[in-house]
Amino acid sequence: MPQAKEITADSLDTNEFIQEKSAEIRKAVGTGIAINALSGGVDSSAVTMLGHRALGRNLKTYFIDNGIMREGEPERIASIFKKLGVDVEIIGARDDFFGALKGVTGPEEKREAITQTFYKKVFADLVKKSGAKYLLQGTILTDIDETVAGIKRQHNVFEQLGIDPQEAFGYKIIEPLVQLRKDGVRKVAEALGLPASIFNRMPFPGPALAARVIGEVTPENIAIVRKATSILEEELAAVNAFQYMAILHNDRVTGMRDNKREFGRQIEIRCWDSIDARKAKPSRLDFGILEKLANRMVTDVPGVVSVTYNIATKPPSTMEAI
Ligand code: XMP
């Protein structure tokens with residue numbers, strides 16, 4: 001399949017783009033039904049609004065509660081969309097995802113387990129339940145670039161890897177944002193009437209908190225990294241960075257608490273300055289902020305005795321840990 005032609009944020013006419021893509025979606029789906037999975041990120045949020053403009057009630061939007069999202073996300077995102085007139089059904093799928101991740105430790109294997117669970121199990125069930133033939137999704141050009149370059153298998157890229165979704169999963173995939181990068185998607189999301197809390201939202205990876213657990217992704221490890229993420233997001237809310245994240249390490253180190261030895265967990269903090277995620281530098285965070293973060297992590301996150309700040313650049317680092 002030829003690479004989609006890039007539309008840069010500068011050259012993007014949002015109204016024209018929205019009209020053109022809505023017409024394309026309507027033409028492809030006809031009078032049938034399509035589904036989409038909303039994660040609350042800017043890409044899937046823009047696709048949800050675009051799909052609703054194009055198809056109205058013939059688009060069914062689901063939030064997949066896969067157990068690896070941030071604290072309170074399913075309800076918060078469903079309520080934002082309710083105010084915009086879009087009904088979102090929350091689908092409980094924790095057991096499917098934790099089952100698929102059990103015993104899996106390799107980074108690409110984890111990504112693959114999540115992809116397969118979404119597309120082969122959860123979306124396939126939803127397609128059956130709704131009678132849909134199409135899945136609308138928010139793949140962007142950067143997702144394709146990284147996958148094709150063989151750096152990280154992005155959770156939502158198939159055709160460029162020679163996988164035909166119709167054959168592999170039993171439904172067709174429509175990708176209206178595939179010519180855009182993140183800055184273009186933000187403009188489209190704003191033009192579609194989404195609130196700033198969504199169109200300015202920091203990127204969050206498809207594999208969610210699983211991208212931030214080194215080693216096995218268990219409910220216990222996710223609970224630790226979820227709590228660390230809540231603290232990080234509170235403390236860095238005023239910091240103008242491209243993206244920040246807390247990562248849970250697999251190996252333990254000796255600590256001490258209440259005069260007793262504690263062989264405890266380690267949290268690594270990353271905070272990136274970047275334009276487009278292709279290159280990134282660590283933000284020069286104020287040391288006072290780092291100290292406060294460290295104090296809260298060791299006090300409020302059970303079992304954590306070590307907190308580090310990553311000062312490497314991308315490349316050779318990548319932004320997420322897996
Ligand atoms: P890396 O870790 O590759 O991350 O330097 C670059 C940007 O991409 C995000 N990311 C993903 N986004 N699906 C996504 O939708 C994925 O599988 C995925 N993996 C990484 C990451 O959060 C960062 O913004």
# chains A, B, ... in the order shown; residues from 1 in each chain; ligands from 1
>>> residues_around(residues="range 122-130 of chain A", least_positions_apart="5", cutoff="9 Å", atoms="only C-alpha atoms", output="ChimeraX atom specification")
/A:33-37,60,62,64,91,93,96,116-117,135,169-171
>>> residues_near_ligand(ligand="ligand 1", cutoff="7 Å", atoms="only C-alpha atoms and all ligand atoms", output="list in words")
Asp143, Glu146, Lys152, Arg153, Gln154, His155, Asn156, Pro203, Phe204, Pro205, Gly206, Pro207, Gln243, Ala277, Arg278, Lys314, Thr318, Met319, Glu320, Ala321 and Ile322 of chain A
>>> write_last_selection(atoms="C-alpha atoms", output="short mmCIF file (atom, residue, chain, number, x, y, z; two decimals), in the first residue's frame")
data_model
loop_
_atom_site.label_atom_id
_atom_site.label_comp_id
_atom_site.auth_asym_id
_atom_site.auth_seq_id
_atom_site.Cartn_x
_atom_site.Cartn_y
_atom_site.Cartn_z
CA ASP A 143 2.38 5.53 14.03
CA GLU A 146 7.70 4.00 13.61
CA LYS A 152 8.14 -0.19 17.80
CA ARG A 153 5.12 -2.09 16.62
CA GLN A 154 2.38 0.53 17.06
CA HIS A 155 -0.83 -1.06 18.26
CA ASN A 156 -2.94 0.11 15.32
CA PRO A 203 0.01 11.85 24.04
CA PHE A 204 -0.64 8.50 25.68
CA PRO A 205 0.34 5.22 24.02
CA GLY A 206 -2.11 2.62 22.71
CA PRO A 207 -0.62 -0.09 24.96
CA GLN A 243 4.99 14.23 27.59
CA ALA A 277 8.12 12.79 19.20
CA ARG A 278 10.76 11.84 16.63
CA LYS A 314 15.83 10.20 22.19
CA THR A 318 12.74 6.08 23.05
CA MET A 319 10.09 7.97 24.97
CA GLU A 320 8.19 4.98 26.38
CA ALA A 321 10.02 2.21 28.17
CA ILE A 322 8.73 -0.68 26.05
#
>>> residues_around(residues="range 88-90 of chain A", least_positions_apart="3", cutoff="10 Å", atoms="only C-alpha atoms", output="number ranges by chain")
A: 36-38, 48, 60-65, 74-75, 77-82, 85, 93
>>> closest_residue(among="A:Glu216, A:Gln166, A:Arg284, A:Arg296", to="Trp272 in chain A", atoms="only C-alpha atoms")
A:Arg284
>>> residues_around(residues="Ser230 in chain A", least_positions_apart="3", cutoff="12 Å", atoms="only C-alpha atoms", output="PyMOL selection string")
chain A and resi 69-73+209+223-227+233-237+244-246+293+296-297+300-301
>>> atom_distance(atom1="CA of Ser283 in chain A", atom2="CA of Cys271 in chain A")
5.7 Å
>>> select_by_dssp(residues="range 215-266 of chain A", states="strand (DSSP E)", output="PyMOL selection string")
chain A and resi 243-248+253-257+260-266
>>> write_last_selection(atoms="N, CA and C atoms", output="mmCIF file, in the first residue's frame")
data_model
loop_
_atom_site.group_PDB
_atom_site.id
_atom_site.type_symbol
_atom_site.label_atom_id
_atom_site.label_comp_id
_atom_site.auth_asym_id
_atom_site.auth_seq_id
_atom_site.Cartn_x
_atom_site.Cartn_y
_atom_site.Cartn_z
ATOM 1 N N GLN A 243 5.572 15.442 26.995
ATOM 2 C CA GLN A 243 4.993 14.232 27.594
ATOM 3 C C GLN A 243 5.772 13.857 28.843
ATOM 4 N N TYR A 244 5.065 13.388 29.868
ATOM 5 C CA TYR A 244 5.775 12.843 31.028
ATOM 6 C C TYR A 244 5.146 11.534 31.443
ATOM 7 N N MET A 245 5.935 10.716 32.108
ATOM 8 C CA MET A 245 5.464 9.366 32.428
ATOM 9 C C MET A 245 6.228 8.795 33.621
ATOM 10 N N ALA A 246 5.576 7.865 34.308
ATOM 11 C CA ALA A 246 6.231 7.115 35.379
ATOM 12 C C ALA A 246 6.346 5.669 34.912
ATOM 13 N N ILE A 247 7.507 5.074 35.166
ATOM 14 C CA ILE A 247 7.782 3.713 34.695
ATOM 15 C C ILE A 247 8.121 2.843 35.899
ATOM 16 N N LEU A 248 7.535 1.659 35.943
ATOM 17 C CA LEU A 248 7.831 0.740 37.047
ATOM 18 C C LEU A 248 8.881 -0.263 36.592
ATOM 19 N N VAL A 253 15.503 -3.046 44.613
ATOM 20 C CA VAL A 253 16.717 -2.590 45.290
ATOM 21 C C VAL A 253 16.467 -2.538 46.795
ATOM 22 N N THR A 254 17.547 -2.598 47.555
ATOM 23 C CA THR A 254 17.404 -2.566 49.002
ATOM 24 C C THR A 254 17.106 -1.156 49.475
ATOM 25 N N GLY A 255 16.055 -1.032 50.267
ATOM 26 C CA GLY A 255 15.721 0.235 50.899
ATOM 27 C C GLY A 255 15.533 -0.002 52.384
ATOM 28 N N MET A 256 15.106 1.021 53.108
ATOM 29 C CA MET A 256 14.826 0.842 54.542
ATOM 30 C C MET A 256 13.633 1.700 54.916
ATOM 31 N N ARG A 257 12.745 1.105 55.712
ATOM 32 C CA ARG A 257 11.573 1.849 56.173
ATOM 33 C C ARG A 257 11.289 1.412 57.596
ATOM 34 N N LYS A 260 13.570 -0.970 59.169
ATOM 35 C CA LYS A 260 13.645 -2.356 58.668
ATOM 36 C C LYS A 260 14.080 -2.325 57.223
ATOM 37 N N ARG A 261 14.774 -3.379 56.825
ATOM 38 C CA ARG A 261 15.187 -3.502 55.431
ATOM 39 C C ARG A 261 13.942 -3.739 54.574
ATOM 40 N N GLU A 262 13.897 -3.060 53.398
ATOM 41 C CA GLU A 262 12.786 -3.299 52.466
ATOM 42 C C GLU A 262 13.372 -3.464 51.069
ATOM 43 N N PHE A 263 13.217 -4.649 50.514
ATOM 44 C CA PHE A 263 13.705 -4.907 49.155
ATOM 45 C C PHE A 263 12.599 -4.416 48.220
ATOM 46 N N GLY A 264 12.729 -3.140 47.787
ATOM 47 C CA GLY A 264 11.559 -2.447 47.241
ATOM 48 C C GLY A 264 11.596 -2.206 45.741
ATOM 49 N N ARG A 265 10.542 -1.546 45.272
ATOM 50 C CA ARG A 265 10.344 -1.284 43.847
ATOM 51 C C ARG A 265 10.972 0.055 43.447
ATOM 52 N N GLN A 266 11.203 0.200 42.134
ATOM 53 C CA GLN A 266 11.832 1.424 41.617
ATOM 54 C C GLN A 266 10.935 2.091 40.580
#
>>> select_by_dssp(residues="range 54-219 of chain A", states="helix (DSSP H, G or I)", output="number ranges by chain")
A: 54-58, 73-83, 94-101, 107-130, 141-148, 159-161, 165-169, 182-191, 196-199, 208-212, 219
>>> residues_around(residues="Leu12 in chain A", least_positions_apart="3", cutoff="9 Å", atoms="only C-alpha atoms", output="list of chain:residue names")
A:Ile7, A:Thr8, A:Ala9, A:Asn15, A:Glu16, A:Phe17, A:Leu180, A:Gly184, A:Lys187, A:Val188
>>> atom_distance(atom1="CA of Gly193 in chain A", atom2="CA of Ala46 in chain A")
9.4 Å
>>> residues_around(residues="Ala210 in chain A", least_positions_apart="3", cutoff="8 Å", atoms="only C-alpha atoms", output="compact mmCIF listing (two decimals) with C-alpha atoms, in the first residue's frame")
# COMPACT_ATOMS: atom_id res chain seq x y z
CA ILE A 68 -4.44 -0.81 31.87
CA LYS A 110 3.52 -7.40 25.17
CA PRO A 207 -0.62 -0.09 24.96
CA VAL A 213 5.75 -1.66 33.24
CA VAL A 217 2.05 -6.69 33.30
CA ILE A 222 -0.51 -1.80 36.93
>>> decode(residues="range 43-59 of chain A", atoms="N, CA, C and O atoms", output="PDB file, in the first residue's frame")
ATOM      1  N   ASP A  43      -6.291  11.509  19.158  1.00  0.00           N
ATOM      2  CA  ASP A  43      -6.552  10.859  17.864  1.00  0.00           C
ATOM      3  C   ASP A  43      -7.920  10.162  17.864  1.00  0.00           C
ATOM      4  O   ASP A  43      -8.736  10.383  16.971  1.00  0.00           O
ATOM      5  N   SER A  44      -8.150   9.308  18.847  1.00  0.00           N
ATOM      6  CA  SER A  44      -9.421   8.575  18.836  1.00  0.00           C
ATOM      7  C   SER A  44     -10.589   9.507  19.142  1.00  0.00           C
ATOM      8  O   SER A  44     -11.707   9.271  18.680  1.00  0.00           O
ATOM      9  N   SER A  45     -10.344  10.599  19.864  1.00  0.00           N
ATOM     10  CA  SER A  45     -11.418  11.562  20.127  1.00  0.00           C
ATOM     11  C   SER A  45     -11.806  12.281  18.832  1.00  0.00           C
ATOM     12  O   SER A  45     -12.989  12.481  18.548  1.00  0.00           O
ATOM     13  N   ALA A  46     -10.798  12.672  18.043  1.00  0.00           N
ATOM     14  CA  ALA A  46     -11.088  13.345  16.776  1.00  0.00           C
ATOM     15  C   ALA A  46     -11.848  12.406  15.841  1.00  0.00           C
ATOM     16  O   ALA A  46     -12.815  12.810  15.188  1.00  0.00           O
ATOM     17  N   VAL A  47     -11.431  11.141  15.801  1.00  0.00           N
ATOM     18  CA  VAL A  47     -12.118  10.178  14.935  1.00  0.00           C
ATOM     19  C   VAL A  47     -13.559   9.968  15.388  1.00  0.00           C
ATOM     20  O   VAL A  47     -14.477   9.866  14.568  1.00  0.00           O
ATOM     21  N   THR A  48     -13.778   9.948  16.690  1.00  0.00           N
ATOM     22  CA  THR A  48     -15.147   9.777  17.208  1.00  0.00           C
ATOM     23  C   THR A  48     -16.047  10.917  16.733  1.00  0.00           C
ATOM     24  O   THR A  48     -17.145  10.687  16.216  1.00  0.00           O
ATOM     25  N   MET A  49     -15.567  12.153  16.853  1.00  0.00           N
ATOM     26  CA  MET A  49     -16.394  13.301  16.440  1.00  0.00           C
ATOM     27  C   MET A  49     -16.598  13.315  14.928  1.00  0.00           C
ATOM     28  O   MET A  49     -17.689  13.592  14.444  1.00  0.00           O
ATOM     29  N   LEU A  50     -15.526  13.008  14.201  1.00  0.00           N
ATOM     30  CA  LEU A  50     -15.607  12.972  12.737  1.00  0.00           C
ATOM     31  C   LEU A  50     -16.611  11.899  12.300  1.00  0.00           C
ATOM     32  O   LEU A  50     -17.468  12.122  11.448  1.00  0.00           O
ATOM     33  N   GLY A  51     -16.513  10.737  12.904  1.00  0.00           N
ATOM     34  CA  GLY A  51     -17.412   9.624  12.582  1.00  0.00           C
ATOM     35  C   GLY A  51     -18.861   9.968  12.911  1.00  0.00           C
ATOM     36  O   GLY A  51     -19.772   9.617  12.155  1.00  0.00           O
ATOM     37  N   HIS A  52     -19.058  10.667  14.001  1.00  0.00           N
ATOM     38  CA  HIS A  52     -20.435  11.038  14.357  1.00  0.00           C
ATOM     39  C   HIS A  52     -20.996  12.084  13.412  1.00  0.00           C
ATOM     40  O   HIS A  52     -22.171  12.051  13.074  1.00  0.00           O
ATOM     41  N   ARG A  53     -20.141  13.000  12.959  1.00  0.00           N
ATOM     42  CA  ARG A  53     -20.608  13.954  11.927  1.00  0.00           C
ATOM     43  C   ARG A  53     -21.019  13.215  10.674  1.00  0.00           C
ATOM     44  O   ARG A  53     -21.993  13.547  10.027  1.00  0.00           O
ATOM     45  N   ALA A  54     -20.216  12.213  10.317  1.00  0.00           N
ATOM     46  CA  ALA A  54     -20.460  11.509   9.054  1.00  0.00           C
ATOM     47  C   ALA A  54     -21.637  10.536   9.158  1.00  0.00           C
ATOM     48  O   ALA A  54     -22.430  10.424   8.235  1.00  0.00           O
ATOM     49  N   LEU A  55     -21.726   9.823  10.265  1.00  0.00           N
ATOM     50  CA  LEU A  55     -22.653   8.675  10.325  1.00  0.00           C
ATOM     51  C   LEU A  55     -23.758   8.799  11.365  1.00  0.00           C
ATOM     52  O   LEU A  55     -24.672   7.976  11.382  1.00  0.00           O
ATOM     53  N   GLY A  56     -23.671   9.780  12.238  1.00  0.00           N
ATOM     54  CA  GLY A  56     -24.690   9.924  13.293  1.00  0.00           C
ATOM     55  C   GLY A  56     -24.816   8.646  14.105  1.00  0.00           C
ATOM     56  O   GLY A  56     -23.819   8.071  14.536  1.00  0.00           O
ATOM     57  N   ARG A  57     -26.051   8.177  14.281  1.00  0.00           N
ATOM     58  CA  ARG A  57     -26.269   7.016  15.144  1.00  0.00           C
ATOM     59  C   ARG A  57     -25.775   5.714  14.523  1.00  0.00           C
ATOM     60  O   ARG A  57     -25.790   4.673  15.178  1.00  0.00           O
ATOM     61  N   ASN A  58     -25.353   5.764  13.266  1.00  0.00           N
ATOM     62  CA  ASN A  58     -24.802   4.540  12.651  1.00  0.00           C
ATOM     63  C   ASN A  58     -23.346   4.296  13.039  1.00  0.00           C
ATOM     64  O   ASN A  58     -22.725   3.331  12.597  1.00  0.00           O
ATOM     65  N   LEU A  59     -22.790   5.198  13.846  1.00  0.00           N
ATOM     66  CA  LEU A  59     -21.476   4.916  14.446  1.00  0.00           C
ATOM     67  C   LEU A  59     -21.695   4.564  15.915  1.00  0.00           C
ATOM     68  O   LEU A  59     -22.314   5.326  16.661  1.00  0.00           O
TER      69      LEU A  59
END
